[in-house]
Every structure is written in C-alpha cells, then in structure tokens.
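Just query-v5.pdb here, PDB, C-alpha atoms and all ligand atoms:
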```pdb
MODEL        1
ATOM      1  CA  MET A  20      65.237  14.795  32.998
ATOM      2  CA  LYS A  21      66.856  11.527  33.829
ATOM      3  CA  ALA A  22      67.769   9.475  36.839
ATOM      4  CA  ARG A  23      69.701   6.291  37.301
ATOM      5  CA  CYS A  24      67.979   3.285  38.811
ATOM      6  CA  PRO A  25      69.812   2.190  41.962
ATOM      7  CA  GLU A  26      68.573  -1.354  41.457
ATOM      8  CA  CYS A  27      69.580  -2.160  37.888
ATOM      9  CA  ASP A  28      71.492   0.957  36.791
ATOM     10  CA  ALA A  29      69.065   1.672  33.953
ATOM     11  CA  GLU A  30      68.320   5.196  32.860
ATOM     12  CA  VAL A  31      64.887   6.319  34.014
ATOM     13  CA  LYS A  32      63.039   9.154  32.296
ATOM     14  CA  ILE A  33      61.659  11.712  34.710
ATOM     15  CA  PRO A  34      58.954  14.227  33.751
ATOM     16  CA  ASP A  35      60.095  17.860  33.869
ATOM     17  CA  ASP A  36      57.435  18.811  36.379
ATOM     18  CA  VAL A  37      58.330  16.112  38.857
ATOM     19  CA  ILE A  38      58.368  16.969  42.548
ATOM     20  CA  ILE A  39      60.349  15.599  45.459
ATOM     21  CA  GLY A  40      58.641  12.635  47.046
ATOM     22  CA  GLU A  41      57.008  11.531  43.822
ATOM     23  CA  ILE A  42      57.233   7.876  42.892
ATOM     24  CA  VAL A  43      58.325   6.718  39.458
ATOM     25  CA  SER A  44      58.942   3.190  38.358
ATOM     26  CA  CYS A  45      61.937   1.855  36.526
ATOM     27  CA  PRO A  46      61.047   0.695  33.013
ATOM     28  CA  ASP A  47      63.643  -2.031  33.205
ATOM     29  CA  CYS A  48      63.201  -3.753  36.557
ATOM     30  CA  GLY A  49      59.874  -2.251  37.658
ATOM     31  CA  GLN A  50      61.315  -1.040  40.931
ATOM     32  CA  GLU A  51      59.469   1.917  42.420
ATOM     33  CA  LEU A  52      61.746   4.878  42.939
ATOM     34  CA  GLU A  53      61.183   7.941  45.061
ATOM     35  CA  ILE A  54      62.493  11.320  43.935
ATOM     36  CA  VAL A  55      64.770  12.665  46.648
ATOM     37  CA  GLU A  56      66.657  15.489  44.976
ATOM     38  CA  ILE A  57      66.383  17.646  41.875
ATOM     39  CA  THR A  58      69.372  19.741  40.891
ATOM     40  CA  ASN A  59      69.746  21.449  37.536
ATOM     41  CA  GLY A  60      68.123  18.750  35.491
ATOM     42  CA  SER A  61      69.717  15.913  37.371
ATOM     43  CA  VAL A  62      67.452  13.836  39.538
ATOM     44  CA  LYS A  63      68.407  11.647  42.446
ATOM     45  CA  VAL A  64      66.176   8.744  43.379
ATOM     46  CA  LYS A  65      66.097   6.056  46.007
ATOM     47  CA  VAL A  66      64.269   2.776  46.195
ATOM     48  CA  ALA A  67      60.808   3.556  47.492
ATOM     49  CA  GLU A  68      59.872   1.916  50.738
ATOM     50  CA  VAL A  69      56.633   0.050  50.504
ATOM     51  CA  GLU A  70      54.624   0.913  53.568
ATOM     52  CA  GLY A  71      52.062  -1.292  55.172
ATOM     53  CA  GLU A  72      53.370  -4.425  53.530
ATOM     54  CA  ASP A  73      54.837  -7.296  55.445
ATOM     55  CA  TRP A  74      57.094  -9.417  53.325
ATOM     56  CA  GLY A  75      57.266 -12.067  56.026
ATOM     57  CA  GLU A  76      60.918 -11.821  56.809
TER      58      GLU A  76
HETATM   59 ZN    ZN A 101      65.735  -0.584  37.455
ENDMDL
END
```

Could you take the file, read its structure, and then write that structure out as structure tokens?
Ligand SMILES: [Zn+2]
Amino acid sequence: MKARCPECDAEVKIPDDVIIGEIVSCPDCGQELEIVEITNGSVKVKVAEVEGEDWGE
C-alpha cells in the first residue's frame, strides 16, 4: 500500500498489515506519519504529533 507524505509529497510505502494509529516515517524527509485511515489499499496519513517534547516556541 502507499500513502502520500503531507510534508514533502513523496510516496511512502506502507506495509499491508498496517493498523490505524501506527507510525511510519517518510523515506524522503524523515517526517513521522500516523496512519489515520485505510480504505481499499489507499492509506491516509497525517503528521504525527510528538508528545512530551517542548520545542521552545
Ligand atoms: Zn516526506
């Protein structure tokens, strides 16, 4: 299966046995992506929120 990285628009390979909530990382930009939806071989992801980290904004 495949998803599209929301950060850099690269194609990300997703294992067939992936489950919702799983985190994959984009091979291009390294962004961590959370699986939010799986429909008929098409996978929707969003940028994973990093919890417990303060980026000092
Ligand atoms: Zn990316």

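A straight line drawn from atom ZN of ligand ZN 101 (chain A) to CA of Lys65 (chain A) is 10.8 Å long.
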
### Task
Measure the distance from CA of Glu56 (chain A) to CA of Cys27 (chain A) in Å and round it to one decimal.
19.2 Å

## Note on the structure
From the list A:Gly60, A:Gly49, A:Asp36, A:Ile42, the nearest residue to ligand ZN 101 (chain A) using only C-alpha atoms and all ligand atoms is A:Gly49

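Pocket residues of ligand ZN 101 (chain A), taken as those with any atom at most 12 Å away using all atoms listed in the file, are Ala22, Arg23, Cys24, Pro25, Glu26, Cys27, Asp28, Ala29, Glu30, Val31, Lys32, Val43, Ser44, Cys45, Pro46, Asp47, Cys48, Gly49, Gln50, Glu51, Leu52, Val64, Lys65, Val66 and Ala67 of chain A.
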
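CA of Gly40 (chain A) is positioned 26.3 Å from CA of Gly75 (chain A).
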
Taking (59.5, 14.9, 26.3) in the file's own coordinates, collect the residues within 9 Å, counting only C-alpha atoms, and hand them back as a tab-separated table (two decimals) with C-alpha atoms, in the coordinates of the input.
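Below is the file result19.tsv, written as the result:
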```tsv
chain	number	residue	atom	x	y	z
A	20	MET	CA	65.24	14.80	33.00
A	34	PRO	CA	58.95	14.23	33.75
A	35	ASP	CA	60.10	17.86	33.87
```
